[in-house]
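**Student:** Below you'll find the structure I mean.
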Amino acid sequence: MDPAIDKNMGMLVRAYCEEILYNYNAERNSVLKFKEFTLEPATLTQNLWGCMHSYSSHYYYLIFECVLDEKEYTQKFSDENSEQEAVEIIKITFFIKQERLHETDDEKCSVFRKESNLFCSLLPFMLEFSERAWCPRVYLCRRDILVLEDMRAVGYIMYKNLLAFTEVEILSILKGLAVMHSSSIAYERFNSQIGDTFAYCLEETLLDPESDWFKTGVNALFAVAKIHPKYTKPSELTFINLDLLNAMQSVPDMTNPSFKYRNVLCHRGVWVGNVFLPLNDADAAAVFVDFKTTRYCPPIIDVLVVLFMNLNREERFKKVKFYLDFYYNEFVRNLEQNELCEDSAGISEKQFCESYEEFQLFGLVLRGLLFTLLKVPLQFVDDNYKRVDRSQKMFEYMTDNEEFRNLMFEVLEDIIDHTMPEPCPDDE
């Protein structure tokens, strides 16, 4: 075993090997018998969560060496060649997430345990209503460890480009979101409401208005707004100084369960590092991992994350209707697979389009917050930059880098124009 692997981790995995393989056999209808295992550290694509917060997990690949259980295989399949096949070593790879503990962790607020609870109690049951996979299968679920399907072994790939997806990839992601959201509604048809039953593991972890990360990010956007060269009229400056910050600080409320629109389980972290894309199956949907940011809210929230993180202003204006139509058609098709329709599901096309307009500020502000992290040199993003002050380093970089300066002014122009009352009267 790799010397970098903690001995306690090896002992922990060994204790669960039979249970993991039992669950794998049951899910795959196979008859494998456990022989040995190895653990390898997993090197992951840089994840936005790591840019925003500290990582909450250790990651490993778990490799099982198995053989066919000759007795079970013969009884189940009556294959005359089973004795020969039983000696063949079969390797299976799993992906492990183990909780990373810190002295300052608050047990109640552990983001790992939020995800663990979802995998233990909800996500596998939602998959039963899904035509396509949208999250990994789970083979062991404990409060401090998850053993998941290795998506690489079943034809998926995680891309290493941190910044943006192509159109084909966006369509695959929207297809996965449509399956996930419709499965949420189908699940509730036969079970209690997700937002009530699982409220304990659907708390806000990304846009907590009281978190230092959110406050620091919003203050940095506000600082850029105050120096924006486009806005010079007294009425514009008054709006920016008195109202803009409050408008941006209202964004976390948009991800709470809505009283106006139908709510579904939303991933809310659909960006590179959390998305596996199919390699050779054009009909397959993207598969999502890392459910730390999951909430119960209107489905447009997930769609906004995808569109605003991957399309610049010009692309958004040109393609947003195309992407919204694609998502909604996939959503309705998946509802029909579960003998539901959009009316009974409580999300008509008109409501869906209205929700895009109503929640657009969420996408605009999230884009700005994440660009303050993604578009600056990596060495900038230390704890002080994340949690105390971003403005000084950002201003210095805006002075030195014209592309970054133009990008941040574009981001703030979108936010200001969306929130400022129109028409803005000319000043005397």
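For the structure tokens, the naming scheme is as follows: chains receive sequential letters (A, B, ...) according to their order of presentation, residues are indexed from 1 within each chain, and ligands are indexed from 1 in presentation order.
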Env of region 225-227 of chain A: 9 Å cut, atoms = only C-alpha atoms, seq-sep filter 6 positions within chain, self excluded. Answer as a count of residues only.
**Tutor:** 8
**Student:** Write out as a list of chain:residue names the residues lying within 9 Å of region 6-22 of chain A, counting only C-alpha atoms and excluding same-chain residues fewer than 5 positions away.
**Tutor:**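 Here the qualifying residues turn out to be A:Met1, A:Glu27, A:Val31, A:Leu32, A:Lys33, A:Phe34, A:Glu36, A:Phe37, A:Thr38, A:Leu39, A:Leu62, A:Phe64, A:Gln98, A:Tyr139, A:Leu140, A:Val147.
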**Student:** Quick one: contact table of region 240-287 of chain A to region 294-306 of chain A, 12 Å max, nearest atom pair and distance in Å to one decimal per residue, counting only C-alpha atoms, chain and number order, as CSV?
**Tutor:**
```
residue,atom,partner,partner_atom,distance
A:Val251,CA,A:Ile301,CA,11.1
A:Pro252,CA,A:Ile301,CA,11.2
A:Asp253,CA,A:Cys297,CA,10.3
A:Met254,CA,A:Cys297,CA,8.2
A:Thr255,CA,A:Cys297,CA,5.7
A:Asn256,CA,A:Cys297,CA,5.8
A:Pro257,CA,A:Cys297,CA,4.5
A:Ser258,CA,A:Cys297,CA,6.1
A:Phe259,CA,A:Cys297,CA,9.6
A:Lys260,CA,A:Pro298,CA,9.2
A:Tyr261,CA,A:Pro298,CA,6.2
A:Arg262,CA,A:Pro298,CA,5.9
A:Asn263,CA,A:Pro298,CA,4.4
A:Val264,CA,A:Tyr296,CA,5.4
A:Leu265,CA,A:Tyr296,CA,4.7
A:Cys266,CA,A:Arg295,CA,5.4
A:His267,CA,A:Thr294,CA,4.4
A:Arg268,CA,A:Asp302,CA,5.2
A:Gly269,CA,A:Val305,CA,7.4
A:Val270,CA,A:Val306,CA,6.4
A:Trp271,CA,A:Val306,CA,7.1
A:Val272,CA,A:Val306,CA,10.2
A:Asn274,CA,A:Val306,CA,11.8
A:Val275,CA,A:Val306,CA,11.1
```
**Student:** Those selected residues, please, written with N, CA and C atoms and delivered as a JSON list (two decimals), in the first residue's frame.
**Tutor:**
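Saved as result-v1.json:
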```json
[["chain", "number", "residue", "atom", "x", "y", "z"],
["A", 251, "VAL", "N", -28.85, 38.30, -2.31],
["A", 251, "VAL", "CA", -28.73, 37.12, -3.16],
["A", 251, "VAL", "C", -28.87, 35.80, -2.39],
["A", 252, "PRO", "N", -28.28, 35.64, -1.18],
["A", 252, "PRO", "CA", -28.46, 34.37, -0.48],
["A", 252, "PRO", "C", -29.91, 33.98, -0.26],
["A", 253, "ASP", "N", -30.79, 34.96, -0.07],
["A", 253, "ASP", "CA", -32.21, 34.65, 0.13],
["A", 253, "ASP", "C", -32.82, 33.98, -1.09],
["A", 254, "MET", "N", -32.25, 34.20, -2.26],
["A", 254, "MET", "CA", -32.81, 33.63, -3.48],
["A", 254, "MET", "C", -32.64, 32.12, -3.54],
["A", 255, "THR", "N", -31.74, 31.58, -2.74],
["A", 255, "THR", "CA", -31.52, 30.13, -2.77],
["A", 255, "THR", "C", -32.26, 29.42, -1.64],
["A", 256, "ASN", "N", -33.09, 30.15, -0.91],
["A", 256, "ASN", "CA", -33.96, 29.52, 0.07],
["A", 256, "ASN", "C", -35.16, 28.90, -0.64],
["A", 257, "PRO", "N", -35.85, 27.96, -0.01],
["A", 257, "PRO", "CA", -37.07, 27.43, -0.62],
["A", 257, "PRO", "C", -38.03, 28.56, -0.98],
["A", 258, "SER", "N", -38.57, 28.50, -2.18],
["A", 258, "SER", "CA", -39.44, 29.56, -2.69],
["A", 258, "SER", "C", -40.90, 29.27, -2.33],
["A", 259, "PHE", "N", -41.62, 30.33, -1.99],
["A", 259, "PHE", "CA", -43.06, 30.22, -1.78],
["A", 259, "PHE", "C", -43.82, 30.40, -3.10],
["A", 260, "LYS", "N", -43.14, 30.92, -4.11],
["A", 260, "LYS", "CA", -43.79, 31.25, -5.38],
["A", 260, "LYS", "C", -43.61, 30.15, -6.42],
["A", 261, "TYR", "N", -42.41, 29.56, -6.47],
["A", 261, "TYR", "CA", -42.09, 28.58, -7.50],
["A", 261, "TYR", "C", -41.89, 27.20, -6.88],
["A", 262, "ARG", "N", -42.11, 26.17, -7.69],
["A", 262, "ARG", "CA", -41.87, 24.80, -7.24],
["A", 262, "ARG", "C", -40.39, 24.62, -6.94],
["A", 263, "ASN", "N", -40.09, 23.99, -5.82],
["A", 263, "ASN", "CA", -38.71, 23.73, -5.42],
["A", 263, "ASN", "C", -38.30, 22.30, -5.77],
["A", 264, "VAL", "N", -37.03, 22.12, -6.05],
["A", 264, "VAL", "CA", -36.47, 20.80, -6.31],
["A", 264, "VAL", "C", -35.11, 20.73, -5.62],
["A", 265, "LEU", "N", -34.53, 19.55, -5.60],
["A", 265, "LEU", "CA", -33.17, 19.42, -5.09],
["A", 265, "LEU", "C", -32.21, 20.00, -6.13],
["A", 266, "CYS", "N", -31.46, 21.02, -5.74],
["A", 266, "CYS", "CA", -30.50, 21.68, -6.65],
["A", 266, "CYS", "C", -29.08, 21.44, -6.15],
["A", 267, "HIS", "N", -28.19, 21.11, -7.08],
["A", 267, "HIS", "CA", -26.78, 20.87, -6.74],
["A", 267, "HIS", "C", -26.08, 22.17, -6.36],
["A", 268, "ARG", "N", -26.21, 23.20, -7.18],
["A", 268, "ARG", "CA", -25.70, 24.56, -6.97],
["A", 268, "ARG", "C", -24.19, 24.70, -7.08],
["A", 269, "GLY", "N", -23.49, 23.63, -7.39],
["A", 269, "GLY", "CA", -22.04, 23.74, -7.55],
["A", 269, "GLY", "C", -21.59, 23.12, -8.85],
["A", 270, "VAL", "N", -22.37, 23.34, -9.92],
["A", 270, "VAL", "CA", -22.09, 22.67, -11.19],
["A", 270, "VAL", "C", -21.05, 23.47, -11.97],
["A", 271, "TRP", "N", -19.79, 23.19, -11.64],
["A", 271, "TRP", "CA", -18.67, 23.80, -12.35],
["A", 271, "TRP", "C", -17.56, 22.77, -12.45],
["A", 272, "VAL", "N", -16.54, 23.09, -13.24],
["A", 272, "VAL", "CA", -15.45, 22.14, -13.45],
["A", 272, "VAL", "C", -14.86, 21.72, -12.11],
["A", 274, "ASN", "N", -16.55, 19.44, -10.39],
["A", 274, "ASN", "CA", -17.72, 18.75, -9.83],
["A", 274, "ASN", "C", -18.53, 18.04, -10.90],
["A", 275, "VAL", "N", -18.02, 17.99, -12.13],
["A", 275, "VAL", "CA", -18.79, 17.46, -13.26],
["A", 275, "VAL", "C", -17.98, 16.40, -13.99]]
```
**Student:** For Leu311 (chain A), work out the shell of residues within 12 Å, counting only C-alpha atoms and skipping chain neighbours fewer than 5 positions away, then give it as number ranges by chain.
**Tutor:** A: 163-167, 170, 303-306, 316-320, 323, 363-364, 367, 411
**Student:** Please, could you write that set of residues out with C-alpha atoms as an mmCIF file, in the first residue's frame?
**Tutor:**
```cif
data_model
loop_
_atom_site.group_PDB
_atom_site.id
_atom_site.type_symbol
_atom_site.label_atom_id
_atom_site.label_comp_id
_atom_site.auth_asym_id
_atom_site.auth_seq_id
_atom_site.Cartn_x
_atom_site.Cartn_y
_atom_site.Cartn_z
ATOM 1 C CA LEU A 163 -12.796 28.062 -16.433
ATOM 2 C CA ALA A 164 -15.498 27.096 -18.921
ATOM 3 C CA PHE A 165 -17.379 24.347 -20.755
ATOM 4 C CA THR A 166 -18.124 24.143 -24.475
ATOM 5 C CA GLU A 167 -21.655 24.231 -25.888
ATOM 6 C CA ILE A 170 -23.187 22.624 -21.389
ATOM 7 C CA VAL A 303 -29.380 26.563 -14.621
ATOM 8 C CA LEU A 304 -28.176 30.067 -13.742
ATOM 9 C CA VAL A 305 -24.949 28.678 -12.257
ATOM 10 C CA VAL A 306 -24.196 26.876 -15.523
ATOM 11 C CA ARG A 316 -25.615 35.021 -22.875
ATOM 12 C CA PHE A 317 -27.714 37.435 -24.919
ATOM 13 C CA LYS A 318 -27.356 35.253 -28.023
ATOM 14 C CA LYS A 319 -27.818 31.790 -26.536
ATOM 15 C CA VAL A 320 -29.773 32.036 -23.298
ATOM 16 C CA TYR A 323 -30.241 26.833 -23.454
ATOM 17 C CA GLY A 363 -26.283 34.438 -11.451
ATOM 18 C CA LEU A 364 -24.775 37.878 -11.934
ATOM 19 C CA ARG A 367 -20.326 35.184 -11.398
ATOM 20 C CA VAL A 411 -19.408 42.083 -14.316
#
```
**Student:** Let me make sure I understand: among A:Met309, A:Phe288, A:Asn219, A:Ser130, which one has the smallest atom-to-atom distance to Gly273 (chain A) if we use only C-alpha atoms?
**Tutor:**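 The shortest atom-to-atom distance to Gly273 (chain A) comes from A:Phe288.
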**Student:** To one decimal in Å, tell me the separation between CA of Ser192 (chain A) and CA of Asn334 (chain A).
**Tutor:** 20.3 Å
**Student:** For CA of Ile96 (chain A) and CA of Tyr61 (chain A), quote the distance in Å rounded to one decimal.
**Tutor:**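 Computing the Euclidean distance for CA of Ile96 (chain A) and CA of Tyr61 (chain A) yields 6.0 Å.
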**Student:** Looking only at the backbone, which of the residues in region 129-376 of chain A does DSSP tag as strand (DSSP E or B), as a PyMOL selection string?
**Tutor:** chain A and resi 138-142+145-149+156-157+264-266+275-278+287-288+295-297
**Student:** Residues within 10 Å of Trp213 (chain A), please, as a PyMOL selection string. Count only C-alpha atoms; anything in the same chain fewer than 6 positions from it doesn't count.
**Tutor:** chain A and resi 52-53+206-207+369+383-389
**Student:** From a backbone DSSP assignment, name each residue in region 303-353 of chain A labelled alpha helix (DSSP H), as a PyMOL selection string.
**Tutor:** chain A and resi 303-310+313-337+342-345+349-353
**Student:** May I ask which of the residues A:Ala153, A:Leu177, A:Met420, A:Ala186 is the closest one to Met126 (chain A), counting only C-alpha atoms?
**Tutor:**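 Using only C-alpha atoms, the shortest distance to Met126 (chain A) belongs to A:Ala186.
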**Student:** How far is it from CA of Ser30 (chain A) to CA of Leu127 (chain A), in Å with one decimal?
**Tutor:**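 Spanning CA of Ser30 (chain A) to CA of Leu127 (chain A) is a straight-line distance of 20.1 Å.
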**Student:** Pick out the closest residue to Lys321 (chain A) from this set: A:Phe125, A:Phe222, A:Tyr59, A:Phe352. Count only C-alpha atoms.
**Tutor:**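 Nearest to Lys321 (chain A): A:Phe352.
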**Student:** Residues within 8 Å of region 199-205 of chain A, please, as a PyMOL selection string. Count only C-alpha atoms; anything in the same chain fewer than 6 positions from it doesn't count.
**Tutor:** chain A and resi 111+113-115+117-118+292-296
**Student:** Selected residues, C-alpha atoms, written as an mmCIF file, in the first residue's frame, please.
**Tutor:**
```cif
data_model
loop_
_atom_site.group_PDB
_atom_site.id
_atom_site.type_symbol
_atom_site.label_atom_id
_atom_site.label_comp_id
_atom_site.auth_asym_id
_atom_site.auth_seq_id
_atom_site.Cartn_x
_atom_site.Cartn_y
_atom_site.Cartn_z
ATOM 1 C CA VAL A 111 -20.128 20.037 5.088
ATOM 2 C CA ARG A 113 -21.692 15.146 6.837
ATOM 3 C CA LYS A 114 -24.205 17.157 4.871
ATOM 4 C CA GLU A 115 -23.093 15.296 1.758
ATOM 5 C CA ASN A 117 -26.467 12.341 4.805
ATOM 6 C CA LEU A 118 -27.671 13.024 1.267
ATOM 7 C CA LYS A 292 -21.745 20.220 -0.355
ATOM 8 C CA THR A 293 -23.689 23.179 -1.727
ATOM 9 C CA THR A 294 -27.006 21.392 -2.336
ATOM 10 C CA ARG A 295 -30.206 23.268 -1.494
ATOM 11 C CA TYR A 296 -33.959 22.867 -1.972
#
```
**Student:** Show me, as a list in words, the residues that have an atom within 10 Å of Asp144 (chain A) when counting only C-alpha atoms, minus same-chain residues fewer than 4 positions from it.
**Tutor:** Ser57, Lys97, Gln98, Glu99, Arg100, Leu101, Phe112, Arg113 and Ser116 of chain A
**Student:** Select, from A:Gly368, A:Ala286, A:Asn23, A:Cys341, the residue with the minimum atom-to-atom distance to Tyr159 (chain A), counting only C-alpha atoms.
**Tutor:**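 Distance minimum relative to Tyr159 (chain A) lands on A:Ala286.
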**Student:** Counting only C-alpha atoms, which residues of region 220-338 of chain A fall within 8 Å of region 391-407 of chain A, and what is the closest atom pair for each with its distance in Å at one decimal, ordered by chain and rising number, as JSON lines?
**Tutor:**
```
{"residue": "A:Ala220", "atom": "CA", "partner": "A:Ser391", "partner_atom": "CA", "distance": 4.9}
{"residue": "A:Ala223", "atom": "CA", "partner": "A:Ser391", "partner_atom": "CA", "distance": 6.7}
{"residue": "A:Val224", "atom": "CA", "partner": "A:Ser391", "partner_atom": "CA", "distance": 7.9}
```
**Student:** Write out the residues from the selection above, keeping C-alpha atoms, as a short mmCIF file (atom, residue, chain, number, x, y, z; two decimals), in the first residue's frame.
**Tutor:**
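Written out: selection.cif:
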```cif
data_model
loop_
_atom_site.label_atom_id
_atom_site.label_comp_id
_atom_site.auth_asym_id
_atom_site.auth_seq_id
_atom_site.Cartn_x
_atom_site.Cartn_y
_atom_site.Cartn_z
CA ALA A 220 -14.80 43.66 -3.22
CA ALA A 223 -15.45 48.61 -4.19
CA VAL A 224 -15.14 48.02 -7.95
#
```
